[in-house]
4 protein chains.
Amino acid sequence: MLDVCLFGAGLIGSVHAVNLARHPRVRLRYVVDPRPEAAARIAAQTGATVADAATALDDPAVGAVMIASATRSHADLAAAAAARGKAIFCEKPIDLDLARTDACLAAVRAAGVIFQIGFNRRFDPSFRALKHRLDAREIGSVEQVIITSRDPEPETEEALAAGGGVFREMTIHDFDMARHLLGEEPVALFATGSSLVSPAYARLGDYDTAMFVLRTASGRQCHINNSVRASYGYDQRIEVHGSDGMLRAGNRAPTSVEHSGVRAVSTDKPLHFFVERYAESYAAELDHFVACVEQGREPEVGAEDGRKAMILCEAALVSAASGRFEPVRY
Amino acid sequence: MLDVCLFGAGLIGSVHAVNLARHPRVRLRYVVDPRPEAAARIAAQTGATVADAATALDDPAVGAVMIASATRSHADLAAAAAARGKAIFCEKPIDLDLARTDACLAAVRAAGVIFQIGFNRRFDPSFRALKHRLDAREIGSVEQVIITSRDPEPETEEALAAGGGVFREMTIHDFDMARHLLGEEPVALFATGSSLVSPAYARLGDYDTAMFVLRTASGRQCHINNSVRASYGYDQRIEVHGSDGMLRAGNRAPTSVEHSGVRAVSTDKPLHFFVERYAESYAAELDHFVACVEQGREPEVGAEDGRKAMILCEAALVSAASGRFEPVRY
Amino acid sequence: MLDVCLFGAGLIGSVHAVNLARHPRVRLRYVVDPRPEAAARIAAQTGATVADAATALDDPAVGAVMIASATRSHADLAAAAAARGKAIFCEKPIDLDLARTDACLAAVRAAGVIFQIGFNRRFDPSFRALKHRLDAREIGSVEQVIITSRDPEPETEEALAAGGGVFREMTIHDFDMARHLLGEEPVALFATGSSLVSPAYARLGDYDTAMFVLRTASGRQCHINNSVRASYGYDQRIEVHGSDGMLRAGNRAPTSVEHSGVRAVSTDKPLHFFVERYAESYAAELDHFVACVEQGREPEVGAEDGRKAMILCEAALVSAASGRFEPVRY
Amino acid sequence: MLDVCLFGAGLIGSVHAVNLARHPRVRLRYVVDPRPEAAARIAAQTGATVADAATALDDPAVGAVMIASATRSHADLAAAAAARGKAIFCEKPIDLDLARTDACLAAVRAAGVIFQIGFNRRFDPSFRALKHRLDAREIGSVEQVIITSRDPEPETEEALAAGGGVFREMTIHDFDMARHLLGEEPVALFATGSSLVSPAYARLGDYDTAMFVLRTASGRQCHINNSVRASYGYDQRIEVHGSDGMLRAGNRAPTSVEHSGVRAVSTDKPLHFFVERYAESYAAELDHFVACVEQGREPEVGAEDGRKAMILCEAALVSAASGRFEPVRY
């Protein structure tokens, strides 16, 4: 039985809380959040105890921490957990600042603890199956990757102001997926962003609509398109072209019902947002983390993946301003 | 908290056991099965206690029984549970004999206990959404229903010999769905059966391949096709034609991955069999049962539904022999 | 160059006229129709000459006749053409009366002329590809066939009164397809019909909504469903289950455009009716006929096919009244 | 009746020849090609006369020319036809050199003749329907366009050496489609190209695999991906994201047949290449040209469209070398 402390009782913290509570080999011992009522709500649902960070971190029974708190707290919590020898599951990004990210990861490495980053999409059953089939060379060698990643609706201006910007909060997942599927590190990145959806983004110097092109040393290419609004729901698709064919993975709909009527043949919109669309992936990434802790092995998606995706975010910010293919150095 | 005793530790019993163990407002107290090792396996997984029927039924803490044992034991267990005032969830069929079915249901009615029959497909999210949209008259009034229901592979001869035949074990679900979707009781039924798949069925005087036509008093029609073998997996589809259009619900696949290659564009086969295909429906029918017990209300699918589906099975057996549209009297 | 006389300048006659005029090895010489303006319209479009039947039939330059006139005239025209040694393409049905059908076919046989019946669906590219793949045993041996065949809207009462009823005018195509796909002759047929769409059908003792089950000697089964109204357009689908899998052929839509919006993901309705849906099949059946005339070989779909489909229509009429599986004797 | 002279008896010339010969209001009078046997083959098929350019151009009966000859001859033939007052249909590109393109178009303008450029994809029924629905604001205002455009197989090295490179021969169609769908002129263009498929491209300093990002003044964005090899056939898809939803148009398959078997559910690959995929668009663009000539109106896609697409090609060549967002000036 692995005793876990959950940091963060917000939306993503709640998703993890439910999965932790359901996991047959996990005991969700503590939930920590600066907002007492949020922590209490999760505690009531799961039987966990509300605690402050120090109490939870100092309890030797706690074998692992799940960090789903505000981004600015990730690096400190991870370093503190590492110092106490606890396994760490950390939501992305590790930190908005690369130097702080590096310092945190150095501390983790020094402590020799297990560290998994929350790139949940790698655990989505369809994306995972696609990747296995790529690795089995069902379409030969990879040539181009196209990633469609569109949120159903813009963030509130408050959430935007608190966050790290669209590239670091949203595109970071796509950058990780690009690296994962290209099978080679991107060495150049082009980005362009616009303000077409909500003036709130522009007010913060951010973009609500963006396109990216990444390129590896051998010439493999990846396109990503992002928007913060898709009236038809969360749009999460992958398309990989190889020397021998194409593999695609599409959206998921709540039901298979199809209506044929006077005007059209219509089916369900895609599932609304990440909680629904990626429900299975959140459970599966936790399973993976628990198995790694139990068996003392390296998670499939770790500190380096978090850091490299951040480096791509930085390059994207530079490119969107410079209008050039920016070199990427890891 | 509802304390439940599970009868039956076979395949379908195991499905229910997992859902009972996971349910937040249920305690799986006892598991009863003549095969001690099967019962022990479920007990180990779920924390239930292995017991004999008498012990479990006599424990006043047990508020409900879930009957997933061999068909021939259903009626007696249900009657015994009813006599002790326990809520009953009973797998279909109630009994292979209509007179015994009627006697059992009379006992249930006399005791005034809640009784739900295991027509899980009514709780499948896609079929349920289709039915809601029918009721909302999205396609006007129902005219024809087409039900495709094909198992991935034949039963073993041993299982066949122990069962009640294809119509009572397999088609019974389709007969219930036909009644549910037609919105009127079928009053005539035509059936024809063949032996095309496995001689074991013919040896037992049964059919492995069958087609049915049902008709209501107002002239609505329903076709069902069955086979005990579908090399591409469990095939479970519904199509309803109304005065203003068509609604369909299709199969579900494990992933959304699509491969385009030299020969074809291909996607996943449907999920293999009922455990995978109807996973959500088993959890949802249990939710419904628990809510009915808690609130003292009638389940959506009850004793009469079990009985009427059995009457349609009997008519089908007669029709397959007579080659006539047989009248159905309830 | 094959000189052809077209009988009939109605809807189906016009379809054939366009294909005859476009065919590189055909000269549409005459068009014959009791309605002079209808004949004149086709003549103007195609360069054909309006003529009466006698003139056209007696012209030795005419090598073939295409009979697309009113049903009651088919048999006499075919017999007259046969007597003059002309190749015959005849729309279905040959005649509404089986004795007259037999007499006509005897005359054709005696004359030794080429005779093709207008079962155009056999030449639909998708249905044809499906049949080739069946014959290549891609799904092993055939076990069940399901044919969906639904018109977009009811006929006018006038057209109904002039025609031979739904089974002989509409289902006859499905009966031919059933024979074609089953690969064995149906020996028993069950039919049931209702009046759910338009009282005009019932007033004429006909049905607007029907279901059928056919069965071959070895136990292969076929279901057909018909309606005279499908709000979403002409619904023409085939599904064949074999020992090793399933083959399906679906509807065709005018475009591949897909719309994703707030309410649903929607695509085009199927093509509206037979002129659009089966455009390619009408051209292809003509190609086949011309090639058979040129090469003196038997068409793939001939007199016997027309006759057997009529016998199935007769059995269906009997069964719809008797409520029994009627034996079919050819 | 419009008398037409066809220049060019190669693959695309043959496509046009068939459509010209079939068109009810066109007479294909001359076919001109430096390869006598190629011209003779088309003449034999269509009844046209083989002629040299001077004879054909000087015949006052010729009302229009269709230029489908080698790219380097387009500008001279167009200028010569313009000088003689003939309507011009010209395959893309007008010329590989922008100065020569401009000179040619000045001559056309001076002569005041009708000029249509062969951007056939604008006449594809699905793309055309998508554009109409965009214009009807079914998805609000356009934000992002994604164009997938992949050939089934690389060109021969000989054809490559004779052509103008992948951007000017292949991507030019996508650039036109980008302009058409964005509804605003692209003002910046980013391109990156790789050599992943065939060394022949690299030997000629060309790319076989490329990605593009275009941007308009208001910030609308367009991504194009190209490859010279798609093992599954010609891949031609469009996806447009707007403020209120998404519209897509996909590939077309030869049949609707679907096979379900032990390994997968599979459907036909897309149609193999442009002759099949765009058959309808070639006929429709000719219809449009003929109607414009008859009615003396401007074609929907004219000289300016040809020129602007060429300017985008030039910008792409510069960007692929510079690695920058290149400004586009028309």
# chains A, B, ... in the order shown; residues from 1 in each chain; ligands from 1
>>> select_by_dssp(residues="range 82-326 of chain B", states="alpha helix (DSSP H)", output="ChimeraX atom specification")
/B:82-83,98-111,125-135,157-162,166,172-182,199-203,274-277,279-295,303-322
>>> closest_atom_pairs(of="chain B", to="chain D", cutoff="9 Å", atoms="only C-alpha atoms", output="tab-separated table")
residue	atom	partner	partner_atom	distance
B:Ala230	CA	D:Gly261	CA	8.4
B:Ser231	CA	D:Val262	CA	5.3
B:Tyr232	CA	D:Gly261	CA	4.7
B:Gly233	CA	D:Val262	CA	7.9
B:Ser260	CA	D:Tyr232	CA	5.7
B:Gly261	CA	D:Tyr232	CA	4.7
B:Val262	CA	D:Tyr232	CA	4.9
B:Arg263	CA	D:Lys269	CA	6.9
B:Ala264	CA	D:Lys269	CA	4.9
B:Val265	CA	D:Thr267	CA	5.2
B:Ser266	CA	D:Ser266	CA	4.0
B:Thr267	CA	D:Val265	CA	5.2
B:Asp268	CA	D:Ala264	CA	5.2
B:Lys269	CA	D:Ala264	CA	4.9
B:Pro270	CA	D:Val265	CA	8.5
>>> write_last_selection(atoms="N, CA and C atoms", output="compact mmCIF listing (two decimals), in the first residue's frame")
# COMPACT_ATOMS: atom_id res chain seq x y z
N ALA B 230 -19.28 -14.07 -34.58
CA ALA B 230 -18.92 -12.89 -35.38
C ALA B 230 -17.42 -12.72 -35.23
N SER B 231 -16.70 -13.06 -36.28
CA SER B 231 -15.23 -13.10 -36.19
C SER B 231 -14.64 -11.75 -35.81
N TYR B 232 -15.40 -10.68 -36.06
CA TYR B 232 -14.89 -9.33 -35.80
C TYR B 232 -15.27 -8.83 -34.42
N GLY B 233 -15.87 -9.66 -33.60
CA GLY B 233 -16.21 -9.25 -32.24
C GLY B 233 -17.70 -9.10 -32.04
N SER B 260 -4.04 4.00 -42.40
CA SER B 260 -4.18 4.07 -43.85
C SER B 260 -2.94 3.48 -44.47
N GLY B 261 -3.10 2.46 -45.27
CA GLY B 261 -1.93 1.81 -45.84
C GLY B 261 -2.18 1.41 -47.28
N VAL B 262 -1.30 0.58 -47.78
CA VAL B 262 -1.33 0.21 -49.19
C VAL B 262 -2.64 -0.51 -49.57
N ARG B 263 -3.20 -1.23 -48.62
CA ARG B 263 -4.37 -2.04 -48.97
C ARG B 263 -5.71 -1.42 -48.59
N ALA B 264 -5.75 -0.70 -47.48
CA ALA B 264 -7.05 -0.25 -46.98
C ALA B 264 -6.87 0.81 -45.91
N VAL B 265 -7.98 1.39 -45.52
CA VAL B 265 -8.05 2.23 -44.33
C VAL B 265 -8.73 1.39 -43.26
N SER B 266 -8.07 1.19 -42.12
CA SER B 266 -8.67 0.27 -41.17
C SER B 266 -8.71 0.82 -39.76
N THR B 267 -9.75 0.41 -39.05
CA THR B 267 -9.94 0.81 -37.66
C THR B 267 -10.10 -0.43 -36.79
N ASP B 268 -10.17 -0.22 -35.49
CA ASP B 268 -10.29 -1.34 -34.55
C ASP B 268 -11.59 -2.12 -34.76
N LYS B 269 -11.52 -3.40 -34.52
CA LYS B 269 -12.73 -4.21 -34.39
C LYS B 269 -13.54 -3.73 -33.19
N PRO B 270 -14.83 -4.07 -33.14
CA PRO B 270 -15.60 -3.76 -31.93
C PRO B 270 -15.03 -4.48 -30.70
>>> calpha_fit_and_write(fixed="chain B", moving="chain A", output="short mmCIF file (atom, residue, chain, number, x, y, z; two decimals) with C-alpha atoms, in the first residue's frame")
data_model
loop_
_atom_site.label_atom_id
_atom_site.label_comp_id
_atom_site.auth_asym_id
_atom_site.auth_seq_id
_atom_site.Cartn_x
_atom_site.Cartn_y
_atom_site.Cartn_z
CA MET A 1 -24.99 1.67 3.13
CA LEU A 2 -26.69 -1.26 1.46
CA ASP A 3 -25.40 -4.71 2.44
CA VAL A 4 -25.59 -7.11 -0.46
CA CYS A 5 -25.22 -10.83 -0.89
CA LEU A 6 -24.02 -11.98 -4.32
CA PHE A 7 -25.15 -15.40 -5.55
CA GLY A 8 -22.93 -16.74 -8.31
CA ALA A 9 -19.18 -16.37 -8.76
CA GLY A 10 -18.98 -17.15 -12.46
CA LEU A 11 -18.23 -14.72 -15.26
CA ILE A 12 -21.25 -12.49 -14.84
CA GLY A 13 -21.03 -12.81 -11.04
CA SER A 14 -17.47 -11.51 -11.20
CA VAL A 15 -18.58 -8.50 -13.23
CA HIS A 16 -21.19 -7.67 -10.62
CA ALA A 17 -18.74 -8.34 -7.76
CA VAL A 18 -16.31 -5.72 -9.02
CA ASN A 19 -19.09 -3.16 -9.42
CA LEU A 20 -20.56 -3.96 -6.00
CA ALA A 21 -17.13 -3.61 -4.39
CA ARG A 22 -16.52 -0.26 -6.09
CA HIS A 23 -19.94 1.21 -5.34
CA PRO A 24 -19.64 3.96 -2.72
CA ARG A 25 -22.95 3.13 -1.02
CA VAL A 26 -22.79 -0.67 -1.13
CA ARG A 27 -21.06 -3.22 1.08
CA LEU A 28 -20.61 -6.60 -0.60
CA ARG A 29 -21.08 -8.76 2.50
CA TYR A 30 -21.43 -12.31 1.21
CA VAL A 31 -20.63 -14.28 -1.87
CA VAL A 32 -22.37 -17.64 -2.32
CA ASP A 33 -21.42 -20.26 -4.88
CA PRO A 34 -21.44 -24.06 -4.88
CA ARG A 35 -17.84 -23.93 -6.18
CA PRO A 36 -15.83 -22.88 -3.11
CA GLU A 37 -12.73 -21.73 -4.99
CA ALA A 38 -14.78 -19.45 -7.26
CA ALA A 39 -16.44 -17.86 -4.25
CA ALA A 40 -13.10 -17.58 -2.45
CA ARG A 41 -11.53 -15.78 -5.40
CA ILE A 42 -14.20 -13.11 -5.38
CA ALA A 43 -14.10 -12.87 -1.60
CA ALA A 44 -10.35 -12.26 -1.76
CA GLN A 45 -10.74 -9.56 -4.38
CA THR A 46 -13.55 -7.73 -2.65
CA GLY A 47 -13.35 -8.37 1.08
CA ALA A 48 -16.68 -10.24 1.03
CA THR A 49 -17.27 -13.34 3.17
CA VAL A 50 -17.89 -16.72 1.59
CA ALA A 51 -21.15 -18.10 2.94
CA ASP A 52 -23.85 -20.63 2.22
CA ALA A 53 -27.20 -19.42 0.96
CA ALA A 54 -29.06 -19.95 4.25
CA THR A 55 -26.56 -17.95 6.33
CA ALA A 56 -26.57 -15.09 3.87
CA LEU A 57 -30.34 -15.00 3.45
CA ASP A 58 -30.95 -15.21 7.19
CA ASP A 59 -28.63 -12.33 8.03
CA PRO A 60 -30.95 -9.40 8.71
CA ALA A 61 -28.14 -6.98 7.82
CA VAL A 62 -28.39 -8.04 4.19
CA GLY A 63 -30.70 -5.61 2.46
CA ALA A 64 -30.44 -6.91 -1.07
CA VAL A 65 -29.44 -9.95 -3.05
CA MET A 66 -27.86 -10.07 -6.46
CA ILE A 67 -28.70 -13.34 -8.17
CA ALA A 68 -26.13 -14.23 -10.83
CA SER A 69 -26.03 -17.96 -10.21
CA ALA A 70 -27.03 -20.80 -12.55
CA THR A 71 -30.38 -20.13 -14.21
CA ARG A 72 -32.18 -23.06 -12.55
CA SER A 73 -31.52 -21.54 -9.12
CA HIS A 74 -32.86 -18.05 -9.88
CA ALA A 75 -36.51 -18.62 -9.05
CA ASP A 76 -35.91 -20.36 -5.70
CA LEU A 77 -33.35 -17.80 -4.57
CA ALA A 78 -35.62 -14.94 -5.57
CA ALA A 79 -38.58 -16.45 -3.72
CA ALA A 80 -36.45 -17.06 -0.62
CA ALA A 81 -35.09 -13.51 -0.68
CA ALA A 82 -38.58 -12.11 -1.19
CA ALA A 83 -39.87 -14.08 1.80
CA ARG A 84 -37.19 -12.38 3.91
CA GLY A 85 -38.08 -8.92 2.59
CA LYS A 86 -34.86 -8.37 0.71
CA ALA A 87 -34.57 -6.32 -2.47
CA ILE A 88 -33.73 -8.50 -5.46
CA PHE A 89 -31.57 -7.99 -8.50
CA CYS A 90 -31.94 -11.08 -10.69
CA GLU A 91 -30.06 -12.00 -13.85
CA LYS A 92 -32.18 -13.07 -16.80
CA PRO A 93 -33.94 -15.40 -17.35
CA ILE A 94 -35.93 -15.74 -14.13
CA ASP A 95 -36.53 -19.36 -15.03
CA LEU A 96 -36.66 -21.42 -18.20
CA ASP A 97 -40.18 -22.49 -17.29
CA LEU A 98 -42.95 -19.93 -17.51
CA ALA A 99 -45.10 -21.45 -14.76
CA ARG A 100 -42.16 -21.35 -12.36
CA THR A 101 -41.42 -17.79 -13.49
CA ASP A 102 -45.00 -16.78 -12.70
CA ALA A 103 -44.92 -18.46 -9.30
CA CYS A 104 -41.67 -16.71 -8.43
CA LEU A 105 -42.99 -13.32 -9.49
CA ALA A 106 -46.20 -13.90 -7.49
CA ALA A 107 -44.05 -14.49 -4.41
CA VAL A 108 -42.08 -11.31 -5.12
CA ARG A 109 -45.25 -9.31 -5.57
CA ALA A 110 -46.77 -10.71 -2.42
CA ALA A 111 -43.69 -9.72 -0.43
CA GLY A 112 -43.73 -6.24 -1.93
CA VAL A 113 -39.96 -6.19 -2.38
CA ILE A 114 -38.06 -4.35 -5.05
CA PHE A 115 -37.18 -6.54 -8.02
CA GLN A 116 -34.92 -5.62 -10.91
CA ILE A 117 -34.12 -7.93 -13.81
CA GLY A 118 -30.66 -7.87 -15.42
CA PHE A 119 -31.53 -6.41 -18.79
CA ASN A 120 -28.31 -4.43 -18.66
CA ARG A 121 -28.51 -3.17 -22.24
CA ARG A 122 -31.19 -0.70 -21.23
CA PHE A 123 -28.44 1.01 -19.25
CA ASP A 124 -25.88 1.14 -22.04
CA PRO A 125 -25.15 4.88 -22.49
CA SER A 126 -25.68 4.84 -26.25
CA PHE A 127 -28.85 2.74 -26.22
CA ARG A 128 -30.16 4.83 -23.35
CA ALA A 129 -29.46 8.07 -25.17
CA LEU A 130 -31.17 6.66 -28.26
CA LYS A 131 -34.24 5.75 -26.22
CA HIS A 132 -34.38 9.22 -24.63
CA ARG A 133 -34.21 10.78 -28.07
CA LEU A 134 -36.98 8.47 -29.29
CA ASP A 135 -39.09 9.52 -26.34
CA ALA A 136 -38.35 13.16 -27.15
CA ARG A 137 -39.81 12.34 -30.58
CA GLU A 138 -36.68 13.32 -32.48
CA ILE A 139 -37.77 10.94 -35.23
CA GLY A 140 -41.52 11.20 -34.73
CA SER A 141 -43.38 7.96 -34.10
CA VAL A 142 -41.61 4.62 -34.30
CA GLU A 143 -42.27 2.48 -37.37
CA GLN A 144 -39.53 -0.14 -37.60
CA VAL A 145 -36.78 -1.36 -35.31
CA ILE A 146 -33.76 -3.40 -36.46
CA ILE A 147 -31.65 -5.12 -33.82
CA THR A 148 -28.33 -6.75 -34.69
CA SER A 149 -27.07 -9.03 -31.96
CA ARG A 150 -24.22 -11.41 -32.66
CA ASP A 151 -21.89 -13.13 -30.25
CA PRO A 152 -18.19 -13.38 -31.08
CA GLU A 153 -18.02 -17.15 -30.75
CA PRO A 154 -20.15 -20.21 -30.02
CA GLU A 155 -20.57 -21.55 -26.49
CA THR A 156 -18.89 -24.76 -25.48
CA GLU A 157 -21.13 -27.81 -25.84
CA GLU A 158 -21.05 -28.18 -22.04
CA ALA A 159 -22.34 -24.65 -21.49
CA LEU A 160 -24.97 -25.17 -24.16
CA ALA A 161 -26.25 -28.34 -22.53
CA ALA A 162 -26.51 -26.54 -19.18
CA GLY A 163 -28.32 -23.52 -20.61
CA GLY A 164 -31.82 -22.83 -21.82
CA GLY A 165 -31.05 -22.51 -25.52
CA VAL A 166 -30.10 -19.57 -27.68
CA PHE A 167 -33.51 -17.87 -27.64
CA ARG A 168 -33.82 -17.90 -23.84
CA GLU A 169 -30.17 -17.09 -23.14
CA MET A 170 -29.25 -14.68 -25.93
CA THR A 171 -32.29 -13.44 -27.86
CA ILE A 172 -34.12 -12.68 -24.63
CA HIS A 173 -32.05 -9.48 -24.39
CA ASP A 174 -33.09 -8.53 -27.90
CA PHE A 175 -36.74 -9.26 -27.18
CA ASP A 176 -36.56 -6.93 -24.19
CA MET A 177 -34.92 -4.27 -26.34
CA ALA A 178 -37.58 -4.74 -29.03
CA ARG A 179 -40.37 -4.14 -26.50
CA HIS A 180 -38.48 -1.19 -25.04
CA LEU A 181 -37.95 0.52 -28.39
CA LEU A 182 -41.22 -0.35 -30.14
CA GLY A 183 -43.11 1.41 -27.38
CA GLU A 184 -45.96 -1.11 -27.85
CA GLU A 185 -46.20 -4.79 -26.99
CA PRO A 186 -45.45 -7.20 -29.84
CA VAL A 187 -48.59 -9.25 -30.54
CA ALA A 188 -47.18 -11.54 -33.25
CA LEU A 189 -43.76 -13.07 -33.67
CA PHE A 190 -42.07 -14.94 -36.50
CA ALA A 191 -38.80 -16.85 -36.03
CA THR A 192 -36.60 -18.98 -38.19
CA GLY A 193 -33.41 -20.70 -37.10
CA SER A 194 -30.63 -22.54 -38.90
CA SER A 195 -27.59 -24.58 -38.11
CA LEU A 196 -24.75 -22.94 -40.00
CA VAL A 197 -22.03 -22.41 -37.40
CA SER A 198 -21.61 -25.33 -35.02
CA PRO A 199 -23.23 -28.79 -35.09
CA ALA A 200 -23.38 -28.71 -31.28
CA TYR A 201 -26.42 -26.45 -31.43
CA ALA A 202 -28.26 -28.72 -33.85
CA ARG A 203 -27.43 -31.75 -31.72
CA LEU A 204 -29.31 -30.08 -28.89
CA GLY A 205 -32.21 -29.17 -31.17
CA ASP A 206 -31.12 -25.55 -31.04
CA TYR A 207 -30.20 -22.92 -33.68
CA ASP A 208 -26.95 -20.99 -34.09
CA THR A 209 -28.24 -18.51 -36.68
CA ALA A 210 -31.67 -16.93 -36.45
CA MET A 211 -33.91 -14.17 -37.71
CA PHE A 212 -37.06 -12.77 -36.14
CA VAL A 213 -39.89 -10.41 -37.07
CA LEU A 214 -42.14 -8.96 -34.36
CA ARG A 215 -45.25 -6.90 -34.90
CA THR A 216 -47.37 -4.73 -32.61
CA ALA A 217 -51.12 -4.19 -32.79
CA SER A 218 -50.74 -0.87 -34.61
CA GLY A 219 -48.45 -2.44 -37.21
CA ARG A 220 -45.01 -1.41 -35.92
CA GLN A 221 -42.39 -3.95 -36.92
CA CYS A 222 -39.12 -5.20 -35.50
CA HIS A 223 -36.42 -7.37 -37.04
CA ILE A 224 -33.76 -9.13 -34.98
CA ASN A 225 -30.81 -11.05 -36.39
CA ASN A 226 -28.67 -13.35 -34.28
CA SER A 227 -25.60 -15.44 -34.80
CA VAL A 228 -23.41 -17.18 -32.25
CA ARG A 229 -20.28 -16.24 -34.22
CA ALA A 230 -18.93 -12.90 -35.42
CA SER A 231 -15.24 -13.12 -36.23
CA TYR A 232 -14.90 -9.34 -35.82
CA GLY A 233 -16.22 -9.28 -32.25
CA TYR A 234 -19.46 -8.69 -30.39
CA ASP A 235 -21.88 -6.98 -32.77
CA GLN A 236 -24.56 -5.01 -30.96
CA ARG A 237 -26.40 -2.45 -32.99
CA ILE A 238 -29.80 -0.78 -32.95
CA GLU A 239 -31.56 1.07 -35.73
CA VAL A 240 -34.95 2.73 -35.31
CA HIS A 241 -36.94 4.23 -38.14
CA GLY A 242 -39.63 6.75 -37.33
CA SER A 243 -41.96 9.01 -39.23
CA ASP A 244 -39.33 11.78 -39.19
CA GLY A 245 -36.00 10.01 -39.49
CA MET A 246 -33.70 7.33 -38.18
CA LEU A 247 -31.70 6.86 -34.98
CA ARG A 248 -28.88 4.35 -34.78
CA ALA A 249 -26.50 3.22 -32.08
CA GLY A 250 -23.42 1.25 -33.05
CA ASN A 251 -20.60 -0.81 -31.69
CA ARG A 252 -17.78 0.52 -29.56
CA ALA A 253 -14.11 0.04 -30.36
CA PRO A 254 -11.21 -0.03 -27.89
CA THR A 255 -9.41 2.91 -29.53
CA SER A 256 -9.99 5.59 -32.16
CA VAL A 257 -6.83 4.68 -34.09
CA GLU A 258 -7.17 4.54 -37.88
CA HIS A 259 -4.51 3.12 -40.16
CA SER A 260 -4.21 4.06 -43.83
CA GLY A 261 -1.96 1.80 -45.83
CA VAL A 262 -1.37 0.23 -49.19
CA ARG A 263 -4.39 -2.02 -48.98
CA ALA A 264 -7.08 -0.24 -46.98
CA VAL A 265 -8.07 2.24 -44.31
CA SER A 266 -8.70 0.26 -41.16
CA THR A 267 -9.94 0.79 -37.64
CA ASP A 268 -10.30 -1.37 -34.54
CA LYS A 269 -12.74 -4.24 -34.40
CA PRO A 270 -15.60 -3.80 -31.93
CA LEU A 271 -14.94 -4.68 -28.30
CA HIS A 272 -14.76 -8.46 -27.96
CA PHE A 273 -17.72 -9.45 -25.81
CA PHE A 274 -20.25 -8.33 -23.23
CA VAL A 275 -17.85 -7.82 -20.34
CA GLU A 276 -16.05 -5.10 -22.33
CA ARG A 277 -18.89 -3.83 -24.51
CA TYR A 278 -21.40 -3.45 -21.73
CA ALA A 279 -19.02 -2.57 -18.86
CA GLU A 280 -20.72 0.79 -18.35
CA SER A 281 -24.19 -0.73 -18.46
CA TYR A 282 -23.43 -3.19 -15.67
CA ALA A 283 -22.24 -0.36 -13.44
CA ALA A 284 -25.23 1.79 -14.37
CA GLU A 285 -27.85 -0.90 -13.76
CA LEU A 286 -26.37 -1.43 -10.30
CA ASP A 287 -26.49 2.31 -9.62
CA HIS A 288 -30.12 2.28 -10.63
CA PHE A 289 -30.90 -0.70 -8.41
CA VAL A 290 -29.20 0.87 -5.40
CA ALA A 291 -31.04 4.15 -5.96
CA CYS A 292 -34.38 2.31 -6.20
CA VAL A 293 -33.70 0.44 -2.97
CA GLU A 294 -32.66 3.65 -1.21
CA GLN A 295 -35.68 5.56 -2.44
CA GLY A 296 -38.20 2.73 -2.32
CA ARG A 297 -39.14 3.13 -5.96
CA GLU A 298 -39.85 0.66 -8.74
CA PRO A 299 -36.88 -0.15 -11.00
CA GLU A 300 -37.24 0.82 -14.64
CA VAL A 301 -36.91 -2.79 -15.66
CA GLY A 302 -38.70 -5.24 -13.43
CA ALA A 303 -40.47 -8.55 -13.01
CA GLU A 304 -43.03 -7.94 -15.78
CA ASP A 305 -40.26 -7.19 -18.24
CA GLY A 306 -38.56 -10.46 -17.38
CA ARG A 307 -41.80 -12.36 -17.79
CA LYS A 308 -42.81 -10.75 -21.08
CA ALA A 309 -39.42 -11.35 -22.64
CA MET A 310 -39.78 -15.02 -21.63
CA ILE A 311 -43.19 -15.18 -23.28
CA LEU A 312 -41.60 -13.87 -26.48
CA CYS A 313 -38.94 -16.60 -26.20
CA GLU A 314 -41.67 -19.22 -25.97
CA ALA A 315 -43.47 -17.78 -28.97
CA ALA A 316 -40.20 -17.81 -30.90
CA LEU A 317 -39.65 -21.48 -30.15
CA VAL A 318 -43.15 -22.27 -31.38
CA SER A 319 -42.78 -20.13 -34.50
CA ALA A 320 -39.40 -21.57 -35.47
CA ALA A 321 -41.11 -24.96 -35.57
CA SER A 322 -44.44 -23.91 -37.09
CA GLY A 323 -43.16 -21.43 -39.69
CA ARG A 324 -46.00 -19.07 -38.78
CA PHE A 325 -46.51 -15.67 -37.25
CA GLU A 326 -47.37 -16.82 -33.72
CA PRO A 327 -49.72 -14.70 -31.61
CA VAL A 328 -48.18 -13.45 -28.35
CA ARG A 329 -50.37 -13.35 -25.24
CA TYR A 330 -49.00 -11.96 -22.00
#
